[in-house]
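J.: I'd like to ask some things about the structure below.
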Amino acid sequence: MGDRVASVRFGHYAVPLAQPVSDAKVATGRQRPLSRIDVLTCEIMTDDGLEGLGFSYTTRAGCRAQFAHAKEVGEILLGRDPSDIARLYDGLLWAGASVGRSGVATQALAAVDVALWDLKGKRAGLPLAKLLGSYRDSVRTYNTSGGYLQAPVEEVKERARRSLSEGIGGIKIKVGQPDTREDLRRLAAVREHLGDDVPLMVDANQQWDRATALRFGRAVEELGLVWIEEPLDAYDTEGHAELAAALDTPIATGEMLSSVPDLVRLIDLRAVGFLQPDVPRVGGITPYLKVAALADHAHLQVAPHFVMEIHVHLAAAYPRESWVEHIEWLSPLFEERLEIEGGRMRVPDRPGLGLSLADAAAAWRLDQVEFGGVAGGRSGRGVFDGVAAERSDQGAFGEVPAGRSEEVEFGGVAAGWSGRVEFRADAG
C-alpha cells in the first residue's frame, strides 16, 4: 500500500511588512498601499510521520476565499498516496470544477501541491531542485523590495547599495507614475548611481497604454536594462507581443496570470523575453512545470515572480539560467533563511523546500483548520471545520469520509488548539 495521507492542516496568516509599499497601481489610485501579505499554508502528515509544507499567498484580498476553497476540497487527500501528485491534483481540480481552473480555485490548490512536492523531496532525502533535476546549485538574484515608489530616489539608491553589499546581483525599481518624465529622471539617477555594469530592471505594474509603453521603451534603450516588466495590462498579450517586436530591451510579464493557457499564449505569441510565472498564482508546482517545459522549448528565459523560497529550486532546475526575485517579506514566516553571496542565491541543501514554520508565525495566524485520522502519534480523531471525522482509506475521489457529519460549524475546536479563532484585521 505504501505511505498514506493521515491529516491535512490549513492556516491563514497575515504577515506584516516593515513599512507599507506603493507601486504604480497605488500612485494612480487603483489600489491602496500594501502593508501585509496574506498566506495560505498547507501541512500534510502521513501515516509514517512525514510532513510536507506548502503555501500560497494573496495581496490585499482573496486569502479568505482560498482558505474556504481549500477546506471544501482538501479532505479528498485523506488516505491517498501523497506521491501520486498528478493524480491528486487532478482530483482536487474536479472536486472544485464548478468554479473553474484558474484564480482563487487553483491558487488554493497551490498550497496543497507545493506541500506534496515538499513531502516527496523529504521522502527522497533530496532538495526539491535535486528531485526535479537541477542544472546549478545557485541562481542569479535581484532585489525588488528597495525600489518602490513611496521611497525618495535617494532612499532607493541607498537601498540598492545595501542590497549589492549583501551579495545580491541586480536591482529592480518601480516605474509607472502619472508623469513618465519623473520615471525617467528617477531611473537615470539610479543607473548613474549603480554604474553601467550592475544589472538593472524596471517594473511598471501594468500602468501604461501601448503608445506610452513604446515611447518609454525607446527612451531607455541606452540604459541597457535587463527587462521592462509589465508595461501593459497583464492580459494584453498582443500588445506585449508588439512591444517585444519593436524594442531591443526584453519584455517581462506573466506574474498575474493564473492559468497555464494564459501563460502559454504569451509563449505562442512571442510576447516576452522573460516569462514570469508565479507558483502560487498559477496553481502550484505541477502546472508551473508544464509552463516551464514549453518556455524552454521556445528558448525563453524564465524569471519567476516573488516567493523566492519556492522559486530558487525551480530556477535551479530550469535549463536556461535566469533570475530569482529577492523580496524578504515572507522570511519571518519561516525558521530558515536563504544564503546569498556573489550575486547569487544558494539552493538549500535540506530535503524538500527546506522550510519550516517559525514559532513567531503563530502571532499572525488568523484562522486554521485540521482534518484527518491518526498521524504520527497525534490524536486518532481529527476535525474538519470543527466536526470530528474518521478517515476513510477507501473510495473514489470526492467520496465523503466515513463518519463525517455534513453539518459543520466554522471556528470549532481543532485537534487540541484553542476552541475559537477570531479574524483580526489588525493582526501583526
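Convention: chains lettered A, B, ... in C-alpha cells order; per-chain residue numbering from 1; ligands numbered from 1 as shown.
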Give me, as a ChimeraX atom specification, all polymer residues having an atom no more than 8 Å from Arg346 (chain A), counting only C-alpha atoms and skipping those fewer than 6 positions away in the same chain.

T.: /A:137-139,312,338-340

J.: Looking only at alpha helix (DSSP H) from DSSP on the backbone, list the matching residues of region 45-98 of chain A as a PyMOL selection string.

T.: chain A and resi 63-73+85-95

J.: Restricted to C-alpha atoms, what would the selected residues look like written as a compact mmCIF listing (two decimals), in the first residue's frame?

T.:
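Written out: part-v7.txt:
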# COMPACT_ATOMS: atom_id res chain seq x y z
CA CYS A 63 -6.86 34.64 1.03
CA ARG A 64 -10.04 34.00 3.00
CA ALA A 65 -11.58 32.72 -0.22
CA GLN A 66 -8.56 30.48 -0.82
CA PHE A 67 -8.85 29.16 2.74
CA ALA A 68 -12.55 28.40 2.28
CA HIS A 69 -11.98 26.58 -1.02
CA ALA A 70 -9.09 24.55 0.39
CA LYS A 71 -11.31 23.38 3.25
CA GLU A 72 -14.02 22.26 0.85
CA VAL A 73 -11.82 20.09 -1.38
CA ILE A 85 0.86 14.23 -7.15
CA ALA A 86 -0.57 14.45 -10.67
CA ARG A 87 -3.49 12.19 -9.77
CA LEU A 88 -4.19 14.11 -6.57
CA TYR A 89 -4.04 17.44 -8.36
CA ASP A 90 -6.49 16.22 -10.97
CA GLY A 91 -8.81 15.03 -8.23
CA LEU A 92 -8.66 18.39 -6.48
CA LEU A 93 -9.45 20.18 -9.74
CA TRP A 94 -12.51 18.02 -10.32
CA ALA A 95 -13.66 18.44 -6.73

J.: When you draw a straight line from CA of Glu229 (chain A) to CA of Leu214 (chain A), how long is it in Å?

T.: 12.7 Å

J.: Among the residues of region 11-210 of chain A, find those DSSP assigns to strand (DSSP E) from the backbone and print them as a VMD selection string.

T.: chain A and resid 11 to 21 34 to 46 51 to 58 138 to 143 170 to 174 200 to 203

J.: Residues of the last selection are to be written out with N, CA and C atoms, as a compact mmCIF listing (two decimals), in the first residue's frame.

T.:
# COMPACT_ATOMS: atom_id res chain seq x y z
N GLY A 11 -3.85 26.81 7.22
CA GLY A 11 -3.76 28.01 8.05
C GLY A 11 -3.81 29.26 7.21
N HIS A 12 -4.36 30.32 7.77
CA HIS A 12 -4.39 31.63 7.13
C HIS A 12 -3.60 32.59 8.01
N TYR A 13 -2.53 33.13 7.45
CA TYR A 13 -1.64 34.03 8.18
C TYR A 13 -1.60 35.40 7.50
N ALA A 14 -1.47 36.45 8.29
CA ALA A 14 -1.28 37.80 7.78
C ALA A 14 0.08 38.28 8.22
N VAL A 15 1.04 38.32 7.31
CA VAL A 15 2.42 38.66 7.63
C VAL A 15 2.62 40.15 7.35
N PRO A 16 2.89 40.95 8.39
CA PRO A 16 3.01 42.40 8.18
C PRO A 16 4.33 42.77 7.51
N LEU A 17 4.30 43.83 6.71
CA LEU A 17 5.53 44.38 6.14
C LEU A 17 6.12 45.38 7.13
N ALA A 18 7.42 45.56 7.05
CA ALA A 18 8.09 46.51 7.93
C ALA A 18 7.55 47.92 7.71
N GLN A 19 7.23 48.25 6.45
CA GLN A 19 6.58 49.50 6.13
C GLN A 19 5.75 49.31 4.87
N PRO A 20 4.62 50.00 4.73
CA PRO A 20 3.81 49.86 3.51
C PRO A 20 4.59 50.29 2.28
N VAL A 21 4.28 49.66 1.14
CA VAL A 21 4.96 49.99 -0.11
C VAL A 21 3.91 50.35 -1.16
N LEU A 34 0.39 48.57 0.03
CA LEU A 34 0.45 47.20 0.53
C LEU A 34 1.14 47.17 1.89
N SER A 35 0.45 46.64 2.89
CA SER A 35 1.01 46.64 4.25
C SER A 35 1.20 45.24 4.81
N ARG A 36 0.67 44.21 4.14
CA ARG A 36 0.86 42.84 4.63
C ARG A 36 0.67 41.86 3.48
N ILE A 37 1.17 40.66 3.67
CA ILE A 37 0.96 39.56 2.74
C ILE A 37 0.14 38.49 3.46
N ASP A 38 -0.99 38.10 2.87
CA ASP A 38 -1.79 37.03 3.43
C ASP A 38 -1.35 35.70 2.83
N VAL A 39 -1.16 34.71 3.68
CA VAL A 39 -0.59 33.43 3.27
C VAL A 39 -1.51 32.29 3.68
N LEU A 40 -1.79 31.41 2.72
CA LEU A 40 -2.50 30.15 2.99
C LEU A 40 -1.45 29.06 3.09
N THR A 41 -1.37 28.40 4.23
CA THR A 41 -0.43 27.29 4.41
C THR A 41 -1.17 25.96 4.36
N CYS A 42 -0.46 24.93 3.94
CA CYS A 42 -0.97 23.56 3.96
C CYS A 42 0.11 22.67 4.54
N GLU A 43 -0.22 21.95 5.60
CA GLU A 43 0.69 20.99 6.21
C GLU A 43 0.07 19.60 6.09
N ILE A 44 0.77 18.71 5.44
CA ILE A 44 0.29 17.35 5.21
C ILE A 44 1.15 16.38 6.01
N MET A 45 0.50 15.51 6.81
CA MET A 45 1.24 14.49 7.55
C MET A 45 0.78 13.12 7.09
N THR A 46 1.72 12.18 6.98
CA THR A 46 1.40 10.83 6.52
C THR A 46 1.40 9.84 7.67
N GLU A 51 6.13 14.92 7.04
CA GLU A 51 5.33 16.13 6.91
C GLU A 51 5.78 16.94 5.70
N GLY A 52 4.81 17.47 4.96
CA GLY A 52 5.08 18.37 3.85
C GLY A 52 4.44 19.72 4.13
N LEU A 53 5.16 20.80 3.77
CA LEU A 53 4.69 22.15 3.99
C LEU A 53 4.58 22.87 2.65
N GLY A 54 3.43 23.46 2.38
CA GLY A 54 3.25 24.27 1.18
C GLY A 54 2.52 25.54 1.52
N PHE A 55 2.55 26.50 0.58
CA PHE A 55 1.85 27.75 0.83
C PHE A 55 1.50 28.45 -0.47
N SER A 56 0.47 29.27 -0.37
CA SER A 56 0.06 30.20 -1.41
C SER A 56 -0.04 31.57 -0.75
N TYR A 57 -0.39 32.59 -1.51
CA TYR A 57 -0.46 33.92 -0.90
C TYR A 57 -1.41 34.81 -1.71
N THR A 58 -1.83 35.91 -1.10
CA THR A 58 -2.54 36.97 -1.81
C THR A 58 -2.07 38.31 -1.27
N SER A 138 23.18 27.27 -7.42
CA SER A 138 22.80 28.62 -7.02
C SER A 138 22.23 29.33 -8.24
N VAL A 139 21.49 30.41 -8.01
CA VAL A 139 20.84 31.13 -9.10
C VAL A 139 21.09 32.63 -8.95
N ARG A 140 21.10 33.33 -10.05
CA ARG A 140 21.23 34.79 -10.00
C ARG A 140 20.01 35.40 -9.30
N THR A 141 20.25 36.46 -8.54
CA THR A 141 19.15 37.06 -7.79
C THR A 141 19.22 38.58 -7.87
N TYR A 142 18.04 39.20 -7.92
CA TYR A 142 17.93 40.65 -7.93
C TYR A 142 16.95 41.09 -6.86
N ASN A 143 17.11 42.30 -6.35
CA ASN A 143 16.23 42.80 -5.30
C ASN A 143 15.16 43.73 -5.87
N GLY A 170 21.48 42.08 -8.73
CA GLY A 170 20.80 43.02 -9.60
C GLY A 170 19.77 43.82 -8.83
N ILE A 171 19.28 44.89 -9.44
CA ILE A 171 18.34 45.80 -8.79
C ILE A 171 17.17 46.07 -9.73
N LYS A 172 15.95 46.00 -9.17
CA LYS A 172 14.75 46.39 -9.93
C LYS A 172 14.06 47.53 -9.21
N ILE A 173 13.64 48.55 -9.98
CA ILE A 173 12.90 49.66 -9.38
C ILE A 173 11.55 49.79 -10.08
N LYS A 174 10.63 50.40 -9.36
CA LYS A 174 9.29 50.60 -9.88
C LYS A 174 9.20 51.88 -10.69
N LEU A 200 20.08 46.05 -14.14
CA LEU A 200 19.00 46.91 -13.67
C LEU A 200 17.73 46.61 -14.45
N MET A 201 16.62 46.41 -13.74
CA MET A 201 15.31 46.15 -14.33
C MET A 201 14.33 47.22 -13.87
N VAL A 202 13.24 47.40 -14.62
CA VAL A 202 12.15 48.28 -14.19
C VAL A 202 10.83 47.54 -14.30
N ASP A 203 9.86 47.97 -13.47
CA ASP A 203 8.55 47.31 -13.40
C ASP A 203 7.47 48.38 -13.36

J.: Hey, which of A:Gly62, A:Leu223, A:Ser258, A:Arg337 ends up closest to Gly100 (chain A)? Count only C-alpha atoms.

T.: A:Ser258

J.: Might you pull out every residue within 10 Å of Gly224 (chain A), with only C-alpha atoms counted and same-chain residues fewer than 5 positions away left off, and present them as a PyMOL selection string?

T.: chain A and resi 191+196-201+248-249

J.: Quick one: residues within 10 Å of Trp117 (chain A), only C-alpha atoms, excluding same-chain residues fewer than 6 positions away - as JSON, numbers by chain?

T.: {"A": [52, 53, 54, 82, 83, 85, 123, 128, 131, 132, 284, 285, 286, 352, 353]}

J.: Give me, as a list of chain:residue names, all polymer residues having an atom no more than 10 Å from Ala295 (chain A), counting only C-alpha atoms and skipping those fewer than 5 positions away in the same chain.

T.: A:Leu263, A:Val264, A:Leu266, A:Ile267, A:Asp268, A:Phe274, A:Leu275, A:Leu289, A:Lys290, A:Leu300, A:Gln301, A:Val302, A:Tyr318, A:Arg320

J.: Using N, CA, C and O atoms, can you export the residues from the last selection as a PDB file, in the first residue's frame?

T.:
ATOM      1  N   LEU A 263      -0.555  31.720 -19.795  1.00  0.00           N
ATOM      2  CA  LEU A 263       0.893  31.818 -19.925  1.00  0.00           C
ATOM      3  C   LEU A 263       1.377  31.240 -21.250  1.00  0.00           C
ATOM      4  O   LEU A 263       2.300  31.766 -21.876  1.00  0.00           O
ATOM      5  N   VAL A 264       0.741  30.173 -21.687  1.00  0.00           N
ATOM      6  CA  VAL A 264       1.116  29.571 -22.971  1.00  0.00           C
ATOM      7  C   VAL A 264       0.867  30.547 -24.113  1.00  0.00           C
ATOM      8  O   VAL A 264       1.624  30.590 -25.087  1.00  0.00           O
ATOM      9  N   LEU A 266       1.264  33.769 -24.032  1.00  0.00           N
ATOM     10  CA  LEU A 266       2.435  34.647 -24.074  1.00  0.00           C
ATOM     11  C   LEU A 266       3.583  33.986 -24.831  1.00  0.00           C
ATOM     12  O   LEU A 266       4.293  34.628 -25.607  1.00  0.00           O
ATOM     13  N   ILE A 267       3.769  32.693 -24.603  1.00  0.00           N
ATOM     14  CA  ILE A 267       4.839  31.951 -25.277  1.00  0.00           C
ATOM     15  C   ILE A 267       4.554  31.859 -26.765  1.00  0.00           C
ATOM     16  O   ILE A 267       5.424  32.139 -27.604  1.00  0.00           O
ATOM     17  N   ASP A 268       3.330  31.483 -27.105  1.00  0.00           N
ATOM     18  CA  ASP A 268       2.980  31.266 -28.509  1.00  0.00           C
ATOM     19  C   ASP A 268       3.107  32.542 -29.342  1.00  0.00           C
ATOM     20  O   ASP A 268       3.500  32.489 -30.512  1.00  0.00           O
ATOM     21  N   PHE A 274      11.384  37.399 -21.090  1.00  0.00           N
ATOM     22  CA  PHE A 274      11.449  36.764 -19.775  1.00  0.00           C
ATOM     23  C   PHE A 274      10.029  36.448 -19.330  1.00  0.00           C
ATOM     24  O   PHE A 274       9.230  37.363 -19.083  1.00  0.00           O
ATOM     25  N   LEU A 275       9.706  35.179 -19.240  1.00  0.00           N
ATOM     26  CA  LEU A 275       8.398  34.756 -18.737  1.00  0.00           C
ATOM     27  C   LEU A 275       8.459  34.715 -17.213  1.00  0.00           C
ATOM     28  O   LEU A 275       9.425  34.208 -16.638  1.00  0.00           O
ATOM     29  N   LEU A 289       5.519  23.549 -13.876  1.00  0.00           N
ATOM     30  CA  LEU A 289       6.454  22.726 -14.649  1.00  0.00           C
ATOM     31  C   LEU A 289       5.990  22.549 -16.094  1.00  0.00           C
ATOM     32  O   LEU A 289       6.813  22.465 -17.014  1.00  0.00           O
ATOM     33  N   LYS A 290       4.693  22.507 -16.307  1.00  0.00           N
ATOM     34  CA  LYS A 290       4.170  22.430 -17.675  1.00  0.00           C
ATOM     35  C   LYS A 290       4.535  23.690 -18.457  1.00  0.00           C
ATOM     36  O   LYS A 290       4.980  23.629 -19.610  1.00  0.00           O
ATOM     37  N   LEU A 300      13.004  30.559 -24.237  1.00  0.00           N
ATOM     38  CA  LEU A 300      12.755  31.745 -23.426  1.00  0.00           C
ATOM     39  C   LEU A 300      13.458  31.646 -22.079  1.00  0.00           C
ATOM     40  O   LEU A 300      13.668  30.552 -21.543  1.00  0.00           O
ATOM     41  N   GLN A 301      13.774  32.808 -21.527  1.00  0.00           N
ATOM     42  CA  GLN A 301      14.202  32.884 -20.133  1.00  0.00           C
ATOM     43  C   GLN A 301      12.972  32.811 -19.238  1.00  0.00           C
ATOM     44  O   GLN A 301      11.892  33.300 -19.615  1.00  0.00           O
ATOM     45  N   VAL A 302      13.128  32.220 -18.069  1.00  0.00           N
ATOM     46  CA  VAL A 302      12.063  32.197 -17.068  1.00  0.00           C
ATOM     47  C   VAL A 302      12.592  32.864 -15.807  1.00  0.00           C
ATOM     48  O   VAL A 302      13.625  32.444 -15.270  1.00  0.00           O
ATOM     49  N   TYR A 318      15.807  24.746 -14.101  1.00  0.00           N
ATOM     50  CA  TYR A 318      15.454  25.193 -15.455  1.00  0.00           C
ATOM     51  C   TYR A 318      16.720  25.240 -16.304  1.00  0.00           C
ATOM     52  O   TYR A 318      17.760  25.730 -15.853  1.00  0.00           O
ATOM     53  N   ARG A 320      17.848  27.045 -18.758  1.00  0.00           N
ATOM     54  CA  ARG A 320      18.437  28.341 -19.088  1.00  0.00           C
ATOM     55  C   ARG A 320      18.515  29.194 -17.825  1.00  0.00           C
ATOM     56  O   ARG A 320      17.506  29.487 -17.209  1.00  0.00           O
TER      57      ARG A 320
END

J.: Extract, using only C-alpha atoms, all DNA, RNA and protein residues at most 10 Å from Met256 (chain A), discarding same-chain residues fewer than 5 positions from it, and format them as a list in words.

T.: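 My list of contacting residues is Gly103, Asn205, Gln206, Glu230, Asp233, Ala234, Tyr235, Asp262, Leu263, Gln276, Pro277, Asp278, Arg281, Val282 and His305 of chain A.
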
J.: Residues as selected, all heavy atoms, written as a short mmCIF file (atom, residue, chain, number, x, y, z; two decimals), in the first residue's frame, can you do that?

T.:
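Saved to part-v9.cif:
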data_model
loop_
_atom_site.label_atom_id
_atom_site.label_comp_id
_atom_site.auth_asym_id
_atom_site.auth_seq_id
_atom_site.Cartn_x
_atom_site.Cartn_y
_atom_site.Cartn_z
N GLY A 103 -7.54 31.35 -11.04
CA GLY A 103 -7.91 32.26 -9.97
C GLY A 103 -7.89 31.61 -8.60
O GLY A 103 -7.03 30.77 -8.31
N ASN A 205 4.12 47.67 -13.48
CA ASN A 205 2.90 47.14 -12.85
C ASN A 205 1.63 47.45 -13.64
O ASN A 205 0.64 47.95 -13.10
CB ASN A 205 2.77 47.64 -11.42
CG ASN A 205 3.79 47.01 -10.49
OD1 ASN A 205 4.73 47.67 -10.06
ND2 ASN A 205 3.61 45.73 -10.19
N GLN A 206 1.69 47.19 -14.95
CA GLN A 206 0.53 47.26 -15.85
C GLN A 206 -0.01 48.68 -16.05
O GLN A 206 -1.18 48.85 -16.39
CB GLN A 206 -0.62 46.39 -15.33
CG GLN A 206 -0.26 44.96 -14.97
CD GLN A 206 -1.46 44.21 -14.46
OE1 GLN A 206 -2.41 43.94 -15.19
NE2 GLN A 206 -1.45 43.88 -13.18
N GLU A 230 5.93 44.21 -17.06
CA GLU A 230 4.51 44.55 -17.04
C GLU A 230 4.24 45.98 -17.52
O GLU A 230 3.61 46.78 -16.82
CB GLU A 230 3.92 44.36 -15.64
CG GLU A 230 3.67 42.92 -15.29
CD GLU A 230 2.68 42.78 -14.14
OE1 GLU A 230 2.80 43.50 -13.14
OE2 GLU A 230 1.78 41.93 -14.25
N ASP A 233 -1.39 46.11 -19.48
CA ASP A 233 -2.31 45.22 -18.77
C ASP A 233 -1.86 43.77 -18.93
O ASP A 233 -1.46 43.34 -20.01
CB ASP A 233 -3.72 45.40 -19.34
CG ASP A 233 -4.75 44.57 -18.59
OD1 ASP A 233 -4.87 43.37 -18.89
OD2 ASP A 233 -5.41 45.13 -17.72
N ALA A 234 -1.92 43.03 -17.85
CA ALA A 234 -1.39 41.67 -17.85
C ALA A 234 -2.02 40.78 -18.91
O ALA A 234 -1.39 39.82 -19.38
CB ALA A 234 -1.59 41.04 -16.47
N TYR A 235 -3.26 41.09 -19.32
CA TYR A 235 -3.96 40.25 -20.28
C TYR A 235 -3.87 40.78 -21.72
O TYR A 235 -4.47 40.20 -22.62
CB TYR A 235 -5.42 40.09 -19.86
CG TYR A 235 -5.57 39.28 -18.60
CD1 TYR A 235 -5.56 39.89 -17.35
CD2 TYR A 235 -5.66 37.89 -18.64
CE1 TYR A 235 -5.66 39.14 -16.18
CE2 TYR A 235 -5.75 37.13 -17.49
CZ TYR A 235 -5.76 37.77 -16.26
OH TYR A 235 -5.85 37.02 -15.12
N ASP A 262 -3.21 30.87 -20.23
CA ASP A 262 -2.86 32.28 -20.33
C ASP A 262 -1.36 32.46 -20.53
O ASP A 262 -0.91 33.30 -21.33
CB ASP A 262 -3.31 33.04 -19.08
CG ASP A 262 -4.81 33.27 -19.04
OD1 ASP A 262 -5.44 33.26 -20.11
OD2 ASP A 262 -5.35 33.46 -17.94
N LEU A 263 -0.56 31.72 -19.80
CA LEU A 263 0.89 31.82 -19.93
C LEU A 263 1.38 31.24 -21.25
O LEU A 263 2.30 31.77 -21.88
CB LEU A 263 1.57 31.12 -18.75
CG LEU A 263 1.49 31.90 -17.42
CD1 LEU A 263 1.68 30.96 -16.24
CD2 LEU A 263 2.51 33.02 -17.37
N GLN A 276 7.40 35.23 -16.56
CA GLN A 276 7.42 35.36 -15.10
C GLN A 276 6.26 34.63 -14.41
O GLN A 276 5.42 35.26 -13.75
CB GLN A 276 7.39 36.84 -14.72
CG GLN A 276 8.62 37.60 -15.20
CD GLN A 276 8.61 39.04 -14.73
OE1 GLN A 276 7.68 39.78 -15.03
NE2 GLN A 276 9.62 39.44 -14.00
N PRO A 277 6.19 33.33 -14.54
CA PRO A 277 5.13 32.61 -13.82
C PRO A 277 5.37 32.67 -12.31
O PRO A 277 6.50 32.84 -11.85
CB PRO A 277 5.27 31.17 -14.35
CG PRO A 277 6.70 31.06 -14.76
CD PRO A 277 7.08 32.42 -15.27
N ASP A 278 4.30 32.52 -11.57
CA ASP A 278 4.31 32.58 -10.12
C ASP A 278 3.64 31.29 -9.63
O ASP A 278 2.46 31.07 -9.90
CB ASP A 278 3.55 33.82 -9.67
CG ASP A 278 3.46 34.01 -8.17
OD1 ASP A 278 3.07 33.06 -7.48
OD2 ASP A 278 3.76 35.12 -7.70
N ARG A 281 0.27 31.61 -7.85
CA ARG A 281 -0.78 32.18 -8.68
C ARG A 281 -1.20 31.25 -9.80
O ARG A 281 -2.37 31.22 -10.19
CB ARG A 281 -0.34 33.53 -9.25
CG ARG A 281 -0.41 34.64 -8.22
CD ARG A 281 -0.06 35.99 -8.81
NE ARG A 281 -0.22 37.04 -7.80
CZ ARG A 281 0.33 38.24 -7.90
NH1 ARG A 281 1.08 38.55 -8.95
NH2 ARG A 281 0.13 39.14 -6.96
N VAL A 282 -0.28 30.49 -10.36
CA VAL A 282 -0.64 29.62 -11.48
C VAL A 282 -1.22 28.30 -11.00
O VAL A 282 -1.71 27.51 -11.80
CB VAL A 282 0.57 29.39 -12.40
CG1 VAL A 282 1.52 28.35 -11.82
CG2 VAL A 282 0.13 28.99 -13.81
N HIS A 305 8.20 34.98 -10.40
CA HIS A 305 7.82 36.15 -9.61
C HIS A 305 7.67 35.81 -8.13
O HIS A 305 7.00 34.85 -7.76
CB HIS A 305 6.48 36.69 -10.14
CG HIS A 305 5.84 37.72 -9.26
ND1 HIS A 305 4.76 37.43 -8.44
CD2 HIS A 305 6.15 39.02 -9.04
CE1 HIS A 305 4.41 38.52 -7.78
NE2 HIS A 305 5.23 39.50 -8.12
#

J.: What does the structure give for the distance between CA of Leu333 (chain A) and CA of Leu357 (chain A), in Å to one decimal?

T.: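 Interatomic distance here is 5.9 Å.
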
J.: Hey, which of A:Phe334, A:Met345, A:Thr180, A:Pro231 ends up closest to Ala360 (chain A)? Count only C-alpha atoms.

T.: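 Of all the options, A:Phe334 lies closest to Ala360 (chain A).
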
J.: Quick one, how far is CA of Gly372 (chain A) from CA of Asp84 (chain A)?

T.: 18.4 Å

J.: Near Arg210 (chain A), counting only C-alpha atoms, which residues have an atom at most 12 Å away, once you skip same-chain residues fewer than 3 positions from it, shown as number ranges by chain?

T.: A: 206-207, 213-217, 230-233, 236-244, 246

J.: Restricting the calculation to only C-alpha atoms, which member of A:Val190, A:Glu255, A:Leu247, A:Pro351 is positioned closest to Arg218 (chain A)?

T.: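 Of A:Val190, A:Glu255, A:Leu247, A:Pro351, the one nearest Arg218 (chain A) is A:Leu247, counting only C-alpha atoms.
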